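Shown next: entry-v7.csv, containing CSV, C-alpha atoms.
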chain,number,residue,atom,x,y,z
D,242,MET,CA,43.0,-50.6,92.1
D,243,PRO,CA,44.5,-50.2,95.6
D,244,GLY,CA,43.7,-53.2,97.7
D,245,ALA,CA,41.8,-55.4,95.4
D,246,SER,CA,44.1,-57.7,93.5
D,247,SER,CA,43.3,-57.8,89.9
D,248,TRP,CA,44.8,-60.1,87.4
D,249,SER,CA,44.7,-60.8,83.7
D,250,PHE,CA,45.8,-63.7,81.5
D,251,ARG,CA,47.1,-63.9,78.0
D,252,GLU,CA,46.2,-66.1,75.2
D,253,GLU,CA,49.1,-68.5,75.9
D,254,ASP,CA,48.1,-68.8,79.6
D,255,PHE,CA,44.6,-69.7,78.5
D,256,LYS,CA,46.0,-72.4,76.1
D,257,ARG,CA,48.2,-73.9,78.9
D,258,ILE,CA,45.2,-73.9,81.3
D,259,THR,CA,42.8,-75.5,78.9
D,260,GLY,CA,45.5,-78.0,77.7
D,261,LEU,CA,46.0,-79.0,81.3
D,262,LEU,CA,42.3,-79.3,82.0
D,263,GLY,CA,41.9,-81.3,78.8
D,264,GLY,CA,44.4,-83.9,80.0
D,265,LEU,CA,42.6,-84.1,83.4
D,266,LEU,CA,39.3,-84.6,81.6
D,267,ARG,CA,40.6,-87.6,79.7
D,268,GLU,CA,42.3,-89.2,82.7
D,269,THR,CA,39.3,-88.9,84.9
D,270,ASN,CA,36.3,-89.3,82.6
D,271,VAL,CA,34.5,-86.5,84.3
D,272,ARG,CA,31.7,-84.8,82.3
D,273,SER,CA,33.0,-81.3,82.7
D,274,LEU,CA,35.7,-79.2,84.4
D,275,LEU,CA,35.3,-75.5,85.3
D,276,LEU,CA,37.8,-73.1,86.6
D,277,VAL,CA,36.2,-70.3,88.7
D,278,ASP,CA,38.0,-67.4,90.4
D,279,ARG,CA,37.4,-66.5,94.0
D,280,ALA,CA,35.4,-63.4,93.1
D,281,GLY,CA,32.9,-65.6,91.2
D,282,GLN,CA,34.0,-65.3,87.6
D,283,ILE,CA,34.3,-68.1,85.2
D,284,VAL,CA,37.9,-68.5,83.9
D,285,ALA,CA,37.7,-71.7,81.8
D,286,ASN,CA,35.5,-74.7,81.0
D,287,VAL,CA,36.4,-77.9,79.2
D,288,GLY,CA,34.4,-81.0,78.5
D,289,GLU,CA,30.6,-81.1,78.0
D,290,ALA,CA,29.2,-77.6,77.9
D,291,PRO,CA,27.0,-77.3,81.0
D,292,GLN,CA,23.3,-76.9,80.4
D,293,PHE,CA,23.0,-74.4,83.2
D,294,ASP,CA,23.9,-70.7,83.6
D,295,THR,CA,27.7,-70.9,84.1
D,296,GLN,CA,27.9,-67.3,85.5
D,297,ALA,CA,25.4,-68.0,88.2
D,298,PHE,CA,27.2,-71.3,88.8
D,299,ALA,CA,30.5,-69.5,89.2
D,300,SER,CA,29.2,-66.9,91.6
D,301,LEU,CA,27.6,-69.7,93.8
D,302,THR,CA,30.8,-71.7,93.7
D,303,ALA,CA,32.9,-68.8,94.9
D,304,ALA,CA,30.3,-68.2,97.7
D,305,ASP,CA,30.2,-71.9,98.6
D,306,PHE,CA,34.0,-72.0,98.9
D,307,SER,CA,34.2,-68.7,100.9
D,308,ALA,CA,31.5,-69.8,103.3
D,309,ASN,CA,33.3,-73.1,103.8
D,310,ASP,CA,36.6,-71.4,104.4
D,311,GLN,CA,35.0,-69.5,107.3
D,312,LEU,CA,33.5,-72.7,108.7
D,313,ALA,CA,36.9,-74.3,108.5
D,314,LYS,CA,38.4,-71.4,110.6
D,315,MET,CA,35.6,-71.8,113.2
D,316,ILE,CA,36.6,-75.4,113.8
D,317,GLY,CA,40.2,-74.5,114.0
D,318,GLU,CA,41.3,-75.5,110.4
D,319,HIS,CA,43.2,-73.2,108.2
D,320,GLU,CA,41.0,-74.1,105.2
D,321,PHE,CA,39.1,-76.9,103.5
D,322,SER,CA,41.2,-77.3,100.4
D,323,SER,CA,38.6,-79.4,98.7
D,324,LEU,CA,34.8,-80.0,98.9
D,325,PHE,CA,32.6,-82.8,97.7
D,326,HIS,CA,28.9,-82.5,97.0
D,327,GLN,CA,27.2,-85.8,96.4
D,328,GLY,CA,24.0,-86.1,94.4
D,329,GLU,CA,21.9,-89.0,93.3
D,330,LYS,CA,23.2,-89.0,89.8
D,331,GLU,CA,25.5,-86.0,89.4
D,332,SER,CA,28.2,-85.0,91.9
D,333,MET,CA,30.8,-82.3,92.1
D,334,TYR,CA,34.2,-82.1,93.5
D,335,LEU,CA,35.8,-78.7,94.2
D,336,ALA,CA,39.5,-78.0,94.9
D,337,ASP,CA,41.4,-74.8,95.7
D,338,VAL,CA,44.1,-73.7,93.4
D,339,ALA,CA,46.7,-71.2,94.7
D,340,ARG,CA,44.0,-69.6,97.0
D,341,ARG,CA,42.8,-67.6,94.0
D,342,VAL,CA,40.8,-70.0,91.8
D,343,ILE,CA,38.7,-73.1,92.3
D,344,LEU,CA,38.7,-76.2,90.1
D,345,VAL,CA,35.3,-77.8,89.8
D,346,ALA,CA,34.8,-81.3,88.4
D,347,LEU,CA,31.3,-82.4,87.5
D,348,PHE,CA,30.9,-86.1,87.2
D,349,ASP,CA,28.4,-89.0,87.2
D,350,SER,CA,28.6,-92.8,87.6
D,351,ARG,CA,31.0,-93.1,84.7
D,352,THR,CA,33.9,-92.4,87.1
D,353,THR,CA,34.5,-92.6,90.8
D,354,LEU,CA,35.2,-90.1,93.5
D,355,GLY,CA,38.5,-91.8,94.3
D,356,LEU,CA,39.9,-91.4,90.8
D,357,VAL,CA,38.6,-87.8,90.6
D,358,ARG,CA,40.2,-86.9,93.9
D,359,LEU,CA,43.5,-88.6,93.0
D,360,LYS,CA,43.9,-87.0,89.6
D,361,VAL,CA,42.6,-83.6,90.6
D,362,LYS,CA,45.3,-83.5,93.3
D,363,SER,CA,48.1,-83.7,90.9
D,364,ALA,CA,46.4,-81.4,88.4
D,365,VAL,CA,46.0,-78.8,91.2
D,366,GLU,CA,49.8,-78.9,91.8
D,367,GLU,CA,50.5,-78.1,88.1
D,368,LEU,CA,47.8,-75.5,88.0
D,369,THR,CA,49.1,-73.9,91.2
D,370,GLN,CA,52.5,-73.5,89.6
D,371,LEU,CA,51.0,-72.1,86.4
D,372,PHE,CA,48.9,-69.5,88.3
D,373,GLU,CA,51.7,-68.5,90.6
D,374,GLU,CA,53.8,-67.8,87.5
D,375,MET,CA,51.0,-65.7,86.1
D,376,PHE,CA,50.4,-63.8,89.4
D,377,ASN,CA,54.1,-63.1,89.8
D,378,ARG,CA,54.4,-61.8,86.3
D,379,ALA,CA,51.4,-59.5,86.8
D,380,GLY,CA,52.6,-58.3,90.2
D,381,THR,CA,50.0,-56.7,92.4
D,382,GLU,CA,49.2,-53.8,90.1
D,383,ALA,CA,45.8,-53.7,88.6
D,384,PRO,CA,45.8,-54.6,84.9
D,385,LYS,CA,45.5,-51.8,82.5
D,386,ILE,CA,44.0,-51.8,79.0
D,387,GLU,CA,45.7,-49.8,76.4
D,388,GLY,CA,43.6,-46.9,75.2
D,389,PHE,CA,41.1,-47.2,78.2
D,390,GLY,CA,42.2,-44.0,79.8
D,391,GLY,CA,41.8,-41.9,76.7
D,392,LYS,CA,39.0,-39.6,75.5
D,393,GLU,CA,37.8,-42.1,72.9
D,394,ALA,CA,37.2,-44.8,75.6
D,395,GLU,CA,35.4,-42.3,77.7
D,396,ASP,CA,33.1,-41.4,74.8
D,397,GLU,CA,32.4,-45.1,74.2
D,398,ILE,CA,31.5,-45.5,77.9
D,399,ASP,CA,29.2,-42.5,77.7
D,400,LYS,CA,27.6,-43.9,74.6
D,401,LEU,CA,26.8,-47.2,76.3
D,402,PHE,CA,24.8,-45.3,78.8
D,403,GLY,CA,23.1,-43.2,76.3
D,404,ASP,CA,24.8,-39.9,77.1
C,111,MET,CA,39.2,-57.7,91.2
C,112,SER,CA,38.4,-57.0,87.6
C,113,MET,CA,39.3,-59.9,85.4
C,114,ILE,CA,40.6,-59.2,81.9
C,115,ASN,CA,40.6,-62.1,79.5
C,116,TYR,CA,42.7,-61.2,76.5
C,117,ALA,CA,41.9,-64.5,74.8
C,118,SER,CA,38.2,-63.9,74.6
C,119,ARG,CA,38.6,-60.1,74.9
C,120,GLU,CA,36.3,-59.8,77.9
C,121,ILE,CA,36.4,-57.7,81.0
C,122,ASN,CA,34.4,-58.8,84.1
C,123,CYS,CA,33.9,-56.4,87.0
C,124,LYS,CA,32.2,-56.9,90.4
C,125,LEU,CA,29.8,-54.3,91.9
C,126,VAL,CA,28.4,-54.7,95.3
C,127,TYR,CA,25.3,-53.0,96.6
C,128,TYR,CA,25.7,-52.4,100.4
C,129,GLY,CA,23.5,-50.8,103.0
C,130,PRO,CA,21.1,-51.4,105.9
C,131,GLY,CA,18.4,-54.1,105.9
C,132,LEU,CA,15.3,-53.3,104.0
C,133,GLY,CA,17.0,-50.3,102.3
C,134,GLY,CA,16.3,-51.4,98.7
C,135,LYS,CA,19.4,-53.2,97.5
C,136,THR,CA,17.6,-56.2,96.1
C,137,THR,CA,15.0,-53.8,94.7
C,138,ASN,CA,17.7,-52.1,92.7
C,139,LEU,CA,18.8,-55.4,91.2
C,140,GLU,CA,15.2,-56.4,90.5
C,141,HIS,CA,14.6,-53.2,88.6
C,142,VAL,CA,17.8,-53.6,86.5
C,143,TYR,CA,16.7,-57.3,85.9
C,144,GLY,CA,13.3,-56.2,84.7
C,145,LYS,CA,14.5,-53.4,82.5
C,146,VAL,CA,17.5,-54.8,80.8
C,147,SER,CA,17.0,-56.9,77.6
C,148,PRO,CA,17.1,-60.6,78.4
C,149,ASN,CA,19.9,-60.9,75.8
C,150,THR,CA,22.2,-58.7,77.8
C,151,ARG,CA,21.6,-60.1,81.2
C,152,GLY,CA,21.9,-63.5,82.9
C,153,LYS,CA,19.7,-65.2,85.4
C,154,MET,CA,19.2,-63.4,88.7
C,155,ILE,CA,20.1,-65.6,91.7
C,156,SER,CA,18.7,-64.8,95.1
C,157,LEU,CA,19.8,-66.6,98.2
C,158,ALA,CA,17.0,-65.4,100.5
C,159,THR,CA,15.0,-66.6,103.5
C,160,GLU,CA,11.4,-67.8,103.2
C,161,THR,CA,10.3,-64.2,103.9
C,162,GLU,CA,12.4,-62.9,101.1
C,163,ARG,CA,15.1,-61.3,103.2
C,164,THR,CA,18.5,-61.7,101.6
C,165,LEU,CA,20.4,-64.5,103.4
C,166,PHE,CA,23.6,-64.6,101.5
C,167,PHE,CA,23.4,-62.5,98.3
C,168,ASP,CA,21.6,-61.7,95.1
C,169,PHE,CA,23.5,-61.9,91.9
C,170,LEU,CA,22.8,-60.5,88.5
C,171,PRO,CA,25.3,-60.4,85.5
C,172,VAL,CA,24.7,-57.6,83.0
C,173,ASP,CA,26.6,-57.1,79.7
C,174,LEU,CA,27.2,-53.5,79.2
C,175,GLY,CA,28.5,-53.5,75.7
C,176,THR,CA,31.9,-53.3,73.9
C,177,ILE,CA,34.5,-50.8,74.9
C,178,ARG,CA,37.7,-50.6,72.9
C,179,GLY,CA,36.9,-54.0,71.5
C,180,PHE,CA,36.5,-55.6,74.9
C,181,LYS,CA,33.1,-57.0,75.9
C,182,THR,CA,32.4,-55.6,79.4
C,183,ARG,CA,30.3,-57.5,81.9
C,184,PHE,CA,29.3,-56.3,85.3
C,185,HIS,CA,28.4,-58.8,88.0
C,186,LEU,CA,26.0,-57.1,90.4
C,187,TYR,CA,25.8,-58.4,94.0
C,188,THR,CA,23.8,-57.4,97.0
C,189,VAL,CA,24.7,-58.2,100.6
C,190,PRO,CA,22.4,-59.2,103.4
C,191,GLY,CA,21.7,-55.9,105.2
C,192,GLN,CA,20.7,-57.3,108.6
C,193,VAL,CA,23.5,-56.8,111.2
C,194,TYR,CA,23.2,-60.4,112.2
C,195,TYR,CA,24.7,-61.6,108.8
C,196,ASN,CA,28.0,-59.9,108.9
C,197,ALA,CA,30.1,-63.0,108.3
C,198,SER,CA,28.4,-63.7,105.0
C,199,ARG,CA,28.2,-60.0,104.1
C,200,LYS,CA,32.0,-59.7,104.4
C,201,LEU,CA,32.5,-62.6,102.0
C,202,ILE,CA,30.7,-60.9,99.2
C,203,LEU,CA,33.1,-57.9,99.3
C,204,LYS,CA,36.0,-60.2,98.2
C,205,GLY,CA,37.4,-58.9,94.9
C,206,VAL,CA,35.0,-56.0,94.7
C,207,ASP,CA,35.6,-53.4,92.0
C,208,GLY,CA,32.9,-50.8,92.9
C,209,ILE,CA,30.4,-50.2,95.6
C,210,VAL,CA,27.0,-48.6,95.8
C,211,PHE,CA,25.8,-47.8,99.3
C,212,VAL,CA,22.0,-47.8,99.3
C,213,ALA,CA,20.9,-45.7,102.2
C,214,ASP,CA,17.3,-45.7,103.5
C,215,SER,CA,16.3,-42.0,103.6
C,216,GLN,CA,13.7,-42.5,106.4
C,217,LEU,CA,14.5,-40.5,109.5
C,218,GLU,CA,14.1,-43.5,111.8
C,219,ARG,CA,16.7,-45.5,109.7
C,220,MET,CA,19.5,-42.9,110.1
C,221,GLU,CA,21.2,-44.9,112.9
C,222,ALA,CA,21.0,-48.1,110.8
C,223,ASN,CA,22.5,-46.3,107.8
C,224,ILE,CA,25.4,-45.0,109.9
C,225,GLU,CA,26.0,-48.4,111.4
C,226,SER,CA,26.0,-50.0,108.0
C,227,MET,CA,28.4,-47.4,106.6
C,228,GLN,CA,30.8,-48.0,109.5
C,229,ASN,CA,30.5,-51.7,108.9
C,230,LEU,CA,31.3,-51.2,105.2
C,231,TYR,CA,34.5,-49.3,106.1
C,232,ASP,CA,35.5,-51.9,108.7
C,233,ASN,CA,34.9,-54.9,106.4
C,234,MET,CA,36.7,-53.2,103.5
C,235,ALA,CA,39.6,-52.4,105.8
C,236,GLU,CA,39.9,-56.1,106.8
C,237,TYR,CA,40.5,-57.0,103.2
C,238,GLY,CA,43.0,-54.1,103.0
C,239,TYR,CA,40.8,-52.2,100.6
C,240,ASP,CA,40.5,-48.4,100.9
C,241,LEU,CA,36.9,-47.2,100.4
C,242,THR,CA,38.1,-43.7,99.5
C,243,LYS,CA,40.2,-45.0,96.6
C,244,ILE,CA,37.8,-47.4,94.9
C,245,PRO,CA,34.8,-46.6,92.8
C,246,PHE,CA,32.0,-45.7,95.3
C,247,ALA,CA,28.6,-44.1,94.9
C,248,VAL,CA,25.9,-43.4,97.5
C,249,GLN,CA,22.2,-43.8,96.7
C,250,TYR,CA,19.6,-42.1,98.9
C,251,ASN,CA,16.6,-44.3,98.4
C,252,LYS,CA,12.9,-43.9,99.4
C,253,ARG,CA,12.9,-40.2,98.6
C,254,ASP,CA,9.1,-40.4,98.0
C,255,LEU,CA,8.3,-41.2,101.7
C,256,PRO,CA,7.0,-38.4,103.9
C,257,ASN,CA,9.5,-39.2,106.6
C,258,ALA,CA,12.6,-38.9,104.4
C,259,SER,CA,15.4,-36.9,105.9
C,260,PRO,CA,16.7,-33.9,104.0
C,261,ILE,CA,19.7,-34.8,101.7
C,262,LYS,CA,21.9,-32.3,103.6
C,263,ASP,CA,21.4,-34.3,106.8
C,264,LEU,CA,22.1,-37.6,105.0
C,265,GLN,CA,25.2,-36.2,103.4
C,266,GLU,CA,26.5,-34.9,106.7
C,267,ALA,CA,26.0,-38.2,108.4
C,268,LEU,CA,27.0,-40.7,105.7
C,269,ASN,CA,29.1,-38.9,103.1
C,270,PRO,CA,30.9,-36.0,104.9
C,271,GLY,CA,33.9,-36.4,102.6
C,272,TRP,CA,37.5,-37.5,103.1
C,273,GLN,CA,40.7,-35.5,102.8
C,274,VAL,CA,42.3,-35.3,99.4
C,275,THR,CA,46.1,-35.4,99.8
C,276,ASP,CA,47.0,-36.1,96.1
C,277,ALA,CA,47.9,-32.7,94.7
C,278,ALA,CA,46.7,-33.9,91.2
C,279,ARG,CA,43.2,-34.3,92.5
C,280,GLN,CA,43.0,-31.0,94.4
C,281,GLN,CA,40.8,-29.4,91.8
C,282,VAL,CA,37.3,-28.1,92.2
C,283,LEU,CA,34.9,-30.7,90.8
C,284,PRO,CA,31.2,-29.8,90.6
C,285,ASP,CA,28.6,-32.4,91.5
C,286,PRO,CA,26.8,-33.2,88.3
C,287,ASN,CA,23.7,-34.4,90.2
C,288,PHE,CA,23.3,-31.5,92.6
C,289,PRO,CA,23.9,-28.1,91.1
C,290,GLY,CA,25.8,-25.8,93.4
C,291,GLU,CA,27.3,-28.8,95.3
C,292,PHE,CA,30.8,-30.2,94.8
C,293,LEU,CA,32.4,-33.6,94.7
C,294,VAL,CA,35.9,-32.1,95.4
C,295,LYS,CA,36.3,-28.8,97.0
C,296,GLN,CA,38.6,-26.8,99.3
C,297,LEU,CA,37.3,-25.9,102.8
C,298,PRO,CA,37.9,-22.5,104.3
C,299,THR,CA,40.6,-24.1,106.3
C,300,GLY,CA,42.6,-24.8,103.1
C,301,GLU,CA,42.0,-28.5,103.3
C,302,TRP,CA,40.7,-30.4,100.2
C,303,VAL,CA,37.9,-32.8,100.6
C,304,GLU,CA,36.1,-35.3,98.3
C,305,ARG,CA,32.7,-36.8,98.6
C,306,ALA,CA,31.3,-39.9,96.9
C,307,PRO,CA,28.9,-39.1,94.1
C,308,THR,CA,25.3,-39.4,95.2
C,309,HIS,CA,21.9,-40.1,93.6
C,310,GLU,CA,18.3,-39.7,94.9
C,311,ALA,CA,16.2,-42.7,94.2
C,312,VAL,CA,12.8,-44.4,94.6
C,313,ALA,CA,14.0,-47.9,93.7
C,314,VAL,CA,10.5,-49.5,93.7
C,315,GLN,CA,9.6,-47.2,90.9
C,316,GLY,CA,13.0,-47.4,89.3
C,317,ASP,CA,13.8,-43.8,89.8
C,318,GLY,CA,17.6,-43.3,90.2
C,319,VAL,CA,18.5,-47.0,89.8
C,320,PHE,CA,20.2,-46.8,86.4
C,321,GLU,CA,21.7,-43.4,87.2
C,322,THR,CA,23.4,-44.9,90.2
C,323,LEU,CA,24.6,-47.9,88.2
C,324,LYS,CA,25.9,-45.7,85.5
C,325,THR,CA,27.9,-43.5,87.9
C,326,VAL,CA,29.6,-46.4,89.6
C,327,SER,CA,30.2,-48.4,86.3
C,328,LYS,CA,31.9,-45.4,84.7
C,329,LEU,CA,34.1,-45.0,87.7
C,330,VAL,CA,35.1,-48.7,87.5
C,331,LEU,CA,35.8,-48.6,83.8
C,332,LYS,CA,38.0,-45.5,84.2
C,333,THR,CA,40.2,-47.4,86.7
C,334,LEU,CA,41.1,-49.8,83.9
C,335,GLY,CA,42.6,-47.0,81.9

Before we go any further, please render this structure as structure tokens.
Amino acid sequence: MPGASSWSFREEDFKRITGLLGGLLRETNVRSLLLVDRAGQIVANVGEAPQFDTQAFASLTAADFSANDQLAKMIGEHEFSSLFHQGEKESMYLADVARRVILVALFDSRTTLGLVRLKVKSAVEELTQLFEEMFNRAGTEAPKIEGFGGKEAEDEIDKLFGD
Amino acid sequence: MSMINYASREINCKLVYYGPGLGGKTTNLEHVYGKVSPNTRGKMISLATETERTLFFDFLPVDLGTIRGFKTRFHLYTVPGQVYYNASRKLILKGVDGIVFVADSQLERMEANIESMQNLYDNMAEYGYDLTKIPFAVQYNKRDLPNASPIKDLQEALNPGWQVTDAARQQVLPDPNFPGEFLVKQLPTGEWVERAPTHEAVAVQGDGVFETLKTVSKLVLKTLG
């Protein structure tokens, strides 16, 4: 699609991402790690399966980050590369990855903000490299799905809408 | 920014409902939420003021079904319509795959419609998106009100058409929703123009809501081919 930059990832990308997040999870002892794209879609989740609606969470995360980006610009900063929301028991730490995705760490008193911040920082560097490779490979063209332009796909689309 | 996950065979697309304040964007989402089976939709999130005016956005994920073995999910968003909230409105357009412009048919809202349409073009342009090239549908809402403008006037003001330069698209395309009208046609001057597909609606009663969603969803899915 012209303008909007789409992207897709393959099974091996997914394995590398979840492998990296799995390592971070063990090092930090956080409850759960989520990767969310800037348009509000959930990319990956490791650790405890969240008890909340992850899609709603992803859309709010993206909005939270976007709103904070604008606030950063207003005070003369280029961006806030990370955000921290502190709760009584549960807290969350959010970090930007390659300006395209957001890494979210959900944690409680079993770990500390200092450790999370430190480990997330190095994980973000690795993730950034990984995502940049993916984006470079994909180029700026919108991903296409084989067979999606054909008559059969159109019939399936029509059927979904009860035509 | 449709996201295709080959590992889980999922496609996620983002649709944004745009338009002037109190035009019925949230009502469109509420109707979809109420009608779709709870198995195929997620929770609806509304970031609204105490008086139920949209402050940031409404969000509703809907599973459409499986196409070519891919589970397709649409994320529906609305923007705050009030002029005042442009900063947050613009943020919601990030990564959009398809747009529905919900116009308020009432005569006295014509100026607000025009202003909002202009604002949509401007905000899209700031992201480098071209509204004439992405899936886009217009809904004329509140058709049941006595002060509703004629469709012809709304079309002239809000959807006059844009020039088609791509020779492959220069073919007469009838408008399936308005017999005798055309989505793509040649003007007497020889110039080809295209209009966004439109629907009439009474969103509070659900009329035209799914028809509009269907039109824009189909356009989005076709871009993946």

**OP:** With a distance cut-off of 12 Å and only C-alpha atoms, select the neighbouring residues of segment 163-166 of chain C, excluding the residue or stretch itself and same-chain residues fewer than 2 positions from it, and output the selection as a PyMOL selection string.
**Re:** (chain D and resi 300-301+304-305+307-308) or (chain C and resi 128+130-137+155-161+168-169+187-203)

TODO: Can you check which residues of chain C have any atom within 6 Å of chain D? Use only C-alpha atoms and format it as an MDAnalysis selection string.
DONE: chainID C and resid 111:117 205 238:239 334:335

Original post:
If we count only C-alpha atoms, what is near segment 260-264 of chain C at a cut-off of 8 Å, once residues fewer than 5 positions away on the same chain are taken out, given as a ChimeraX atom specification?
Top reply: /C:215,220,250,269

Applying 7 Å and only C-alpha atoms, which residues near segment 325-336 of chain D remain after dropping the ones on its own chain fewer than 6 positions away? List them as a PyMOL selection string. chain D and resi 343-350

Contact residues around Asp337 of chain D with only C-alpha atoms at 8 Å, ignoring same-chain residues under 4 positions, as a PDB file with C-alpha atoms, in the frame of the given file:
ATOM      1  CA  SER D 322      41.200 -77.300 100.400  1.00  0.00           C
ATOM      2  CA  SER D 323      38.600 -79.400  98.700  1.00  0.00           C
ATOM      3  CA  ARG D 341      42.800 -67.600  94.000  1.00  0.00           C
ATOM      4  CA  VAL D 342      40.800 -70.000  91.800  1.00  0.00           C
ATOM      5  CA  ILE D 343      38.700 -73.100  92.300  1.00  0.00           C
ATOM      6  CA  LEU D 344      38.700 -76.200  90.100  1.00  0.00           C
ATOM      7  CA  VAL D 365      46.000 -78.800  91.200  1.00  0.00           C
TER       8      VAL D 365
END

Extract, using all atoms listed in the file, all DNA, RNA and protein residues at most 10 Å from Leu371 of chain D, discarding same-chain residues fewer than 4 positions from it, and format them as a PDB file with C-alpha atoms, keeping the file's coordinate frame.
ATOM      1  CA  ASP D 254      48.100 -68.800  79.600  1.00  0.00           C
ATOM      2  CA  ARG D 257      48.200 -73.900  78.900  1.00  0.00           C
ATOM      3  CA  ILE D 258      45.200 -73.900  81.300  1.00  0.00           C
ATOM      4  CA  LEU D 261      46.000 -79.000  81.300  1.00  0.00           C
ATOM      5  CA  VAL D 338      44.100 -73.700  93.400  1.00  0.00           C
ATOM      6  CA  ALA D 339      46.700 -71.200  94.700  1.00  0.00           C
ATOM      7  CA  VAL D 365      46.000 -78.800  91.200  1.00  0.00           C
ATOM      8  CA  GLU D 366      49.800 -78.900  91.800  1.00  0.00           C
ATOM      9  CA  GLU D 367      50.500 -78.100  88.100  1.00  0.00           C
ATOM     10  CA  MET D 375      51.000 -65.700  86.100  1.00  0.00           C
ATOM     11  CA  PHE D 376      50.400 -63.800  89.400  1.00  0.00           C
TER      12      PHE D 376
END

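Interatomic distance, atom CA of Thr322 of chain C against atom CA of Pro307 of chain C: 8.9 Å.
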
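Atom CA of Ile209 of chain C to atom CA of Glu301 of chain C spans 25.8 Å [interatomic distance, one decimal].
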
Need the neighbours of (27.7, -51.9, 90.0): which residues are at most 8 Å away, counting only C-alpha atoms, as a short mmCIF file (atom, residue, chain, number, x, y, z; two decimals) with C-alpha atoms, in the frame of the given file?
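Saved file part-v8.cif follows:
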data_model
loop_
_atom_site.label_atom_id
_atom_site.label_comp_id
_atom_site.auth_asym_id
_atom_site.auth_seq_id
_atom_site.Cartn_x
_atom_site.Cartn_y
_atom_site.Cartn_z
CA LYS C 124 32.20 -56.90 90.40
CA LEU C 125 29.80 -54.30 91.90
CA VAL C 126 28.40 -54.70 95.30
CA TYR C 127 25.30 -53.00 96.60
CA PHE C 184 29.30 -56.30 85.30
CA HIS C 185 28.40 -58.80 88.00
CA LEU C 186 26.00 -57.10 90.40
CA TYR C 187 25.80 -58.40 94.00
CA GLY C 208 32.90 -50.80 92.90
CA ILE C 209 30.40 -50.20 95.60
CA VAL C 210 27.00 -48.60 95.80
CA LEU C 323 24.60 -47.90 88.20
CA LYS C 324 25.90 -45.70 85.50
CA VAL C 326 29.60 -46.40 89.60
CA SER C 327 30.20 -48.40 86.30
#

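Here atom CA of Gly260 of chain D stands at a distance of 13.0 Å from atom CA of Leu275 of chain D.
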
Please, could N, CA and C atoms be added to segment 213-226 of chain C and the result written as an mmCIF file, in the frame of the given file?
data_model
loop_
_atom_site.group_PDB
_atom_site.id
_atom_site.type_symbol
_atom_site.label_atom_id
_atom_site.label_comp_id
_atom_site.auth_asym_id
_atom_site.auth_seq_id
_atom_site.Cartn_x
_atom_site.Cartn_y
_atom_site.Cartn_z
ATOM 1 N N ALA C 213 21.307 -46.131 100.902
ATOM 2 C CA ALA C 213 20.900 -45.700 102.200
ATOM 3 C C ALA C 213 19.335 -45.545 102.212
ATOM 4 N N ASP C 214 18.744 -45.830 103.355
ATOM 5 C CA ASP C 214 17.300 -45.700 103.500
ATOM 6 C C ASP C 214 17.072 -44.266 104.064
ATOM 7 N N SER C 215 16.396 -43.434 103.270
ATOM 8 C CA SER C 215 16.300 -42.000 103.600
ATOM 9 C C SER C 215 15.391 -41.759 104.869
ATOM 10 N N GLN C 216 14.612 -42.748 105.287
ATOM 11 C CA GLN C 216 13.700 -42.500 106.400
ATOM 12 C C GLN C 216 14.412 -42.095 107.667
ATOM 13 N N LEU C 217 13.858 -41.063 108.286
ATOM 14 C CA LEU C 217 14.500 -40.500 109.500
ATOM 15 C C LEU C 217 14.835 -41.543 110.526
ATOM 16 N N GLU C 218 13.914 -42.472 110.750
ATOM 17 C CA GLU C 218 14.100 -43.500 111.800
ATOM 18 C C GLU C 218 15.175 -44.532 111.401
ATOM 19 N N ARG C 219 15.653 -44.490 110.137
ATOM 20 C CA ARG C 219 16.700 -45.500 109.700
ATOM 21 C C ARG C 219 18.073 -44.819 109.696
ATOM 22 N N MET C 220 18.173 -43.599 110.170
ATOM 23 C CA MET C 220 19.500 -42.900 110.100
ATOM 24 C C MET C 220 20.538 -43.689 110.896
ATOM 25 N N GLU C 221 20.194 -44.165 112.096
ATOM 26 C CA GLU C 221 21.200 -44.900 112.900
ATOM 27 C C GLU C 221 21.615 -46.181 112.147
ATOM 28 N N ALA C 222 20.635 -46.865 111.521
ATOM 29 C CA ALA C 222 21.000 -48.100 110.800
ATOM 30 C C ALA C 222 21.868 -47.794 109.605
ATOM 31 N N ASN C 223 21.637 -46.652 108.947
ATOM 32 C CA ASN C 223 22.500 -46.300 107.800
ATOM 33 C C ASN C 223 23.933 -46.034 108.312
ATOM 34 N N ILE C 224 24.050 -45.304 109.417
ATOM 35 C CA ILE C 224 25.400 -45.000 109.900
ATOM 36 C C ILE C 224 26.123 -46.245 110.335
ATOM 37 N N GLU C 225 25.388 -47.126 110.996
ATOM 38 C CA GLU C 225 26.000 -48.400 111.400
ATOM 39 C C GLU C 225 26.466 -49.210 110.250
ATOM 40 N N SER C 226 25.652 -49.241 109.196
ATOM 41 C CA SER C 226 26.000 -50.000 108.000
ATOM 42 C C SER C 226 27.203 -49.410 107.277
#
